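Enquirer: Supplied structure: target18.txt, compact mmCIF, C-alpha atoms.
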# COMPACT_ATOMS: atom_id res chain seq x y z
CA MET A 1 0.00 0.00 0.00
CA PRO A 2 1.50 3.36 -0.98
CA ILE A 3 0.13 5.37 1.98
CA ARG A 4 1.24 4.14 5.43
CA SER A 5 1.24 5.26 9.04
CA TYR A 6 4.36 5.44 11.16
CA LYS A 7 4.27 5.66 14.97
CA SER A 8 0.58 6.64 14.90
CA LYS A 9 1.13 9.45 12.37
CA SER A 10 -0.70 9.01 9.09
CA PRO A 11 -0.46 10.93 5.82
CA THR A 12 -3.25 13.41 5.14
CA ILE A 13 -4.25 13.55 1.50
CA ALA A 14 -6.73 16.30 0.53
CA LYS A 15 -9.46 15.97 -2.08
CA HIS A 16 -8.61 15.76 -5.75
CA CYS A 17 -5.05 14.49 -5.20
CA TYR A 18 -3.37 11.81 -7.26
CA VAL A 19 -0.90 9.40 -5.65
CA ASP A 20 0.55 6.81 -8.00
CA ALA A 21 0.31 3.24 -6.70
CA SER A 22 4.09 2.78 -7.05
CA SER A 23 4.87 5.70 -4.73
CA VAL A 24 5.26 5.42 -0.96
CA ILE A 25 4.03 8.08 1.47
CA VAL A 26 4.80 7.33 5.12
CA GLY A 27 4.04 9.12 8.38
CA ASP A 28 3.49 12.81 8.94
CA VAL A 29 2.93 13.95 5.35
CA GLU A 30 0.24 16.44 4.36
CA CYS A 31 -0.83 16.97 0.74
CA ALA A 32 -3.09 19.96 0.01
CA GLU A 33 -5.73 20.00 -2.75
CA HIS A 34 -4.78 18.98 -6.28
CA VAL A 35 -1.32 17.65 -5.36
CA SER A 36 0.03 14.98 -7.68
CA ILE A 37 2.57 12.36 -6.61
CA TRP A 38 3.94 10.51 -9.65
CA PRO A 39 5.51 7.02 -9.98
CA LEU A 40 8.25 5.91 -7.60
CA VAL A 41 8.17 8.95 -5.33
CA ALA A 42 9.21 8.29 -1.72
CA ALA A 43 7.93 10.76 0.90
CA ARG A 44 9.00 9.77 4.41
CA GLY A 45 7.69 11.93 7.25
CA ASP A 46 9.05 9.78 10.02
CA VAL A 47 11.32 11.96 12.20
CA ASN A 48 9.73 15.29 11.22
CA TYR A 49 6.88 16.42 8.98
CA ILE A 50 6.39 17.06 5.26
CA SER A 51 3.90 19.64 3.98
CA ILE A 52 3.07 19.86 0.26
CA GLY A 53 1.08 22.90 -0.90
CA ALA A 54 -1.90 23.06 -3.24
CA ARG A 55 -1.45 22.29 -6.94
CA THR A 56 2.11 21.07 -6.46
CA ASN A 57 3.40 18.12 -8.46
CA ILE A 58 6.16 15.75 -7.39
CA GLN A 59 7.52 13.90 -10.41
CA ASP A 60 8.86 10.38 -10.89
CA GLY A 61 11.65 9.04 -8.69
CA THR A 62 11.83 12.01 -6.32
CA VAL A 63 12.80 11.52 -2.67
CA LEU A 64 11.26 13.72 0.04
CA HIS A 65 12.68 13.48 3.56
CA VAL A 66 13.36 15.43 6.75
CA SER A 67 15.88 15.83 9.59
CA ARG A 68 15.18 14.87 13.16
CA VAL A 69 15.02 17.06 16.22
CA SER A 70 18.31 17.05 18.14
CA GLU A 71 20.19 18.99 20.81
CA LEU A 72 22.01 20.96 18.12
CA ASN A 73 18.85 21.47 16.06
CA PRO A 74 15.87 21.62 18.44
CA HIS A 75 13.26 21.80 15.66
CA GLY A 76 15.03 19.54 13.18
CA TYR A 77 14.29 20.35 9.55
CA PRO A 78 10.82 19.60 8.24
CA LEU A 79 10.23 19.67 4.49
CA ILE A 80 7.82 22.44 3.50
CA ILE A 81 6.84 22.86 -0.14
CA GLY A 82 4.55 25.74 -1.14
CA ALA A 83 1.78 25.96 -3.72
CA ASP A 84 2.09 25.69 -7.50
CA VAL A 85 5.52 24.04 -7.34
CA THR A 86 6.82 21.67 -10.02
CA ILE A 87 9.43 19.20 -8.75
CA GLY A 88 11.19 17.54 -11.71
CA HIS A 89 12.11 13.88 -12.05
CA LYS A 90 14.61 12.28 -9.62
CA CYS A 91 15.03 15.24 -7.28
CA MET A 92 16.00 14.99 -3.62
CA LEU A 93 14.49 17.49 -1.21
CA HIS A 94 15.75 17.07 2.35
CA GLY A 95 14.59 19.22 5.26
CA CYS A 96 14.27 22.43 3.25
CA ILE A 97 11.64 25.10 2.61
CA LEU A 98 10.35 25.90 -0.87
CA GLY A 99 8.03 28.84 -1.41
CA ASN A 100 5.37 29.18 -4.10
CA ARG A 101 5.62 29.00 -7.91
CA ILE A 102 8.96 27.24 -8.17
CA LEU A 103 10.32 24.89 -10.80
CA VAL A 104 12.93 22.45 -9.48
CA GLY A 105 14.80 20.97 -12.45
CA MET A 106 15.38 17.25 -12.87
CA GLY A 107 18.02 15.67 -10.64
CA THR A 108 18.30 18.67 -8.32
CA ILE A 109 19.28 18.23 -4.67
CA VAL A 110 18.12 20.74 -2.05
CA MET A 111 19.65 20.14 1.38
CA ASP A 112 18.79 20.75 5.04
CA GLY A 113 17.88 24.28 6.07
CA ALA A 114 17.96 25.69 2.53
CA ILE A 115 15.23 28.19 1.72
CA VAL A 116 13.93 28.82 -1.80
CA GLU A 117 11.80 31.94 -1.99
CA ASP A 118 8.79 32.39 -4.33
CA ASP A 119 9.09 32.54 -8.14
CA VAL A 120 12.36 30.69 -8.67
CA PHE A 121 13.70 28.38 -11.39
CA ILE A 122 16.34 25.87 -10.30
CA GLY A 123 18.22 24.36 -13.24
CA ALA A 124 18.51 20.60 -13.72
CA GLY A 125 21.23 18.92 -11.68
CA THR A 126 21.71 21.84 -9.31
CA LEU A 127 22.96 21.30 -5.74
CA VAL A 128 21.52 23.72 -3.20
CA PRO A 129 23.77 23.39 -0.11
CA PRO A 130 22.58 23.42 3.51
CA LYS A 131 21.13 26.72 4.75
CA LYS A 132 21.54 28.51 1.39
CA ILE A 133 18.83 31.04 0.52
CA LEU A 134 17.69 31.38 -3.10
CA LYS A 135 16.11 34.81 -3.55
CA SER A 136 12.85 35.34 -5.41
CA GLY A 137 12.81 36.11 -9.12
CA TYR A 138 15.97 34.35 -10.33
CA LEU A 139 17.28 31.32 -12.17
CA TYR A 140 19.81 29.32 -10.14
CA LYS A 141 22.08 26.60 -11.45
CA GLY A 142 25.30 24.76 -10.70
CA ASN A 143 27.09 22.90 -7.94
CA PRO A 144 26.83 24.71 -5.63
CA ALA A 145 23.80 26.71 -6.78
CA GLN A 146 24.62 30.18 -8.07
CA GLN A 147 22.30 32.97 -9.14
CA ALA A 148 22.45 32.95 -12.96
CA ARG A 149 20.08 35.75 -14.04
CA PRO A 150 16.71 37.37 -13.32
CA LEU A 151 13.66 35.52 -14.59
CA LYS A 152 11.82 36.85 -17.63
CA GLU A 153 8.13 37.70 -17.33
CA SER A 154 7.29 34.72 -19.54
CA GLU A 155 9.22 32.40 -17.20
CA VAL A 156 7.41 33.70 -14.13
CA ALA A 157 4.08 33.09 -15.94
CA PHE A 158 5.24 29.57 -16.85
CA LEU A 159 5.71 28.68 -13.18
CA LYS A 160 1.95 28.90 -12.57
CA GLN A 161 1.15 27.33 -15.95
CA SER A 162 3.32 24.30 -15.20
CA ALA A 163 1.30 23.61 -12.07
CA LEU A 164 -1.95 23.97 -14.02
CA ASN A 165 -0.67 21.55 -16.69
CA TYR A 166 -0.08 18.90 -14.02
CA ILE A 167 -3.55 19.42 -12.53
CA LYS A 168 -5.00 18.57 -15.93
CA LEU A 169 -2.74 15.52 -16.27
CA LYS A 170 -3.48 14.15 -12.80
CA ASP A 171 -7.22 14.60 -13.45
CA GLU A 172 -6.82 12.50 -16.61
CA TYR A 173 -5.05 9.80 -14.59
CA ILE A 174 -7.79 9.84 -11.96
CA GLU A 175 -10.49 9.61 -14.64
CA GLU A 176 -8.66 6.76 -16.39
CA SER A 177 -8.50 4.73 -13.17
CA ASN A 178 -12.26 5.02 -12.47
As structure tokens, how would this structure be written, given the file I've shared?
Expert:
Amino acid sequence: MPIRSYKSKSPTIAKHCYVDASSVIVGDVECAEHVSIWPLVAARGDVNYISIGARTNIQDGTVLHVSRVSELNPHGYPLIIGADVTIGHKCMLHGCILGNRILVGMGTIVMDGAIVEDDVFIGAGTLVPPKKILKSGYLYKGNPAQQARPLKESEVAFLKQSALNYIKLKDEYIEESN
């Protein structure tokens, strides 16, 4: 079963979400309305929580995890993903915060304590190191992530459109399975 409890904490999946049967969602994971979780995604909210905002899509092979509470880090690092976010294939998001209207390129790694503000493109294969802040309105790329250039108006508009495209696709998948 793709949705499982852990230590009496169960995932909360809002209405109109799509979770592929090959994905695994465990523990304290909350998915807002119209979230789509595509094949082979692992979301493990075991030692902290994961929150996924409305209309966000998590694409194939992505790993979502958190960092535990400790003496050195009394709150640990939950994973918080905002609304209208597109997470590309095979990404790893670990104990970070992503704002709204973000595109995370395929194969990107975002590490503990990193913060990605609203309206950001992260290029494929980028490494966002621990505690780095990516400011709103820019394209970032590289290892480690570097600010490449301001986003164009058309790119900012695409961030919202990408989320809408995945709502349509997940609705087609839901309809197909009925």
Enquirer: When you draw a straight line from atom CA of Ala114 of chain A to atom CA of Ile133 of chain A, how long is it in Å?
Expert: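 Rounded to one decimal, the two atoms are 5.8 Å apart.
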Enquirer: What lies within 7 Å of segment 84-94 of chain A using only C-alpha atoms, ignoring chain neighbours under 4 positions off, as a CSV table (one decimal) with C-alpha atoms, keeping the file's coordinate frame?
Expert:
chain,number,residue,atom,x,y,z
A,54,ALA,CA,-1.9,23.1,-3.2
A,55,ARG,CA,-1.4,22.3,-6.9
A,56,THR,CA,2.1,21.1,-6.5
A,57,ASN,CA,3.4,18.1,-8.5
A,58,ILE,CA,6.2,15.8,-7.4
A,59,GLN,CA,7.5,13.9,-10.4
A,60,ASP,CA,8.9,10.4,-10.9
A,61,GLY,CA,11.6,9.0,-8.7
A,62,THR,CA,11.8,12.0,-6.3
A,63,VAL,CA,12.8,11.5,-2.7
A,64,LEU,CA,11.3,13.7,0.0
A,65,HIS,CA,12.7,13.5,3.6
A,66,VAL,CA,13.4,15.4,6.8
A,79,LEU,CA,10.2,19.7,4.5
A,100,ASN,CA,5.4,29.2,-4.1
A,101,ARG,CA,5.6,29.0,-7.9
A,102,ILE,CA,9.0,27.2,-8.2
A,103,LEU,CA,10.3,24.9,-10.8
A,104,VAL,CA,12.9,22.4,-9.5
A,105,GLY,CA,14.8,21.0,-12.4
A,106,MET,CA,15.4,17.2,-12.9
A,107,GLY,CA,18.0,15.7,-10.6
A,108,THR,CA,18.3,18.7,-8.3
A,109,ILE,CA,19.3,18.2,-4.7
A,110,VAL,CA,18.1,20.7,-2.0
A,111,MET,CA,19.6,20.1,1.4
A,112,ASP,CA,18.8,20.8,5.0
A,160,LYS,CA,2.0,28.9,-12.6
A,162,SER,CA,3.3,24.3,-15.2
A,163,ALA,CA,1.3,23.6,-12.1
Enquirer: Nearest to Pro2 of chain A: which of A:Cys31, A:Ile80, A:Ala43, A:Ile115 is it, counting all atoms listed in the file?
Expert: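 Selected residue with least distance to Pro2 of chain A: A:Ala43.
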Enquirer: Near Arg44 of chain A, within 8 Å and counting all atoms listed in the file, which residues show up once chain neighbours fewer than 4 positions away are dropped, as an mmCIF file with C-alpha atoms, keeping the file's coordinate frame?
Expert:
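Result file around.cif:
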data_model
loop_
_atom_site.group_PDB
_atom_site.id
_atom_site.type_symbol
_atom_site.label_atom_id
_atom_site.label_comp_id
_atom_site.auth_asym_id
_atom_site.auth_seq_id
_atom_site.Cartn_x
_atom_site.Cartn_y
_atom_site.Cartn_z
ATOM 1 C CA VAL A 24 5.260 5.420 -0.960
ATOM 2 C CA ILE A 25 4.030 8.080 1.470
ATOM 3 C CA VAL A 26 4.800 7.330 5.120
ATOM 4 C CA GLY A 27 4.040 9.120 8.380
ATOM 5 C CA ASP A 28 3.490 12.810 8.940
ATOM 6 C CA VAL A 29 2.930 13.950 5.350
ATOM 7 C CA ILE A 50 6.390 17.060 5.260
ATOM 8 C CA LEU A 64 11.260 13.720 0.040
ATOM 9 C CA HIS A 65 12.680 13.480 3.560
ATOM 10 C CA VAL A 66 13.360 15.430 6.750
#
Enquirer: Give me the residues near Asp20 of chain A as an MDAnalysis selection string, where near means some atom within 7 Å (using all atoms listed in the file) and where sequence neighbours in that chain fewer than 3 positions away do not count.
Expert: chainID A and resid 23 37:39
Enquirer: How many Å lie between atom CA of Glu71 of chain A and atom CA of Lys132 of chain A, rounded to one decimal?
Expert: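 So the answer is 21.7 Å.
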Enquirer: Name all residues at most 8 Å from Asn48 of chain A (count all atoms listed in the file; drop same-chain ones fewer than 6 positions away) and give them as a ChimeraX atom specification.
Expert: /A:28,66-69,76-78
Enquirer: Next, dump the selected residues to file, keeping only C-alpha atoms, as a PDB file, in the coordinates of the input.
Expert:
ATOM      1  CA  ASP A  28       3.490  12.810   8.940  1.00  0.00           C
ATOM      2  CA  VAL A  66      13.360  15.430   6.750  1.00  0.00           C
ATOM      3  CA  SER A  67      15.880  15.830   9.590  1.00  0.00           C
ATOM      4  CA  ARG A  68      15.180  14.870  13.160  1.00  0.00           C
ATOM      5  CA  VAL A  69      15.020  17.060  16.220  1.00  0.00           C
ATOM      6  CA  GLY A  76      15.030  19.540  13.180  1.00  0.00           C
ATOM      7  CA  TYR A  77      14.290  20.350   9.550  1.00  0.00           C
ATOM      8  CA  PRO A  78      10.820  19.600   8.240  1.00  0.00           C
TER       9      PRO A  78
END
Enquirer: Just the residues within 12 Å of Ala148 of chain A, please, counting all atoms listed in the file, with nothing from its chain fewer than 2 positions along; format it as number ranges by chain.
Expert: A: 120-123, 126, 134-135, 137-142, 144-146, 150-151
Enquirer: Which is closer to Ile52 of chain A than all the others in A:Asp118, A:Gly99, A:Leu72, A:Leu169, using only C-alpha atoms?
Expert: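 The shortest atom-to-atom distance to Ile52 of chain A comes from A:Gly99.
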Enquirer: From the options A:Cys96, A:Tyr49, A:Phe158, A:Ala83, which residue's atoms come nearest to Glu33 of chain A, counting all atoms listed in the file?
Expert: A:Ala83
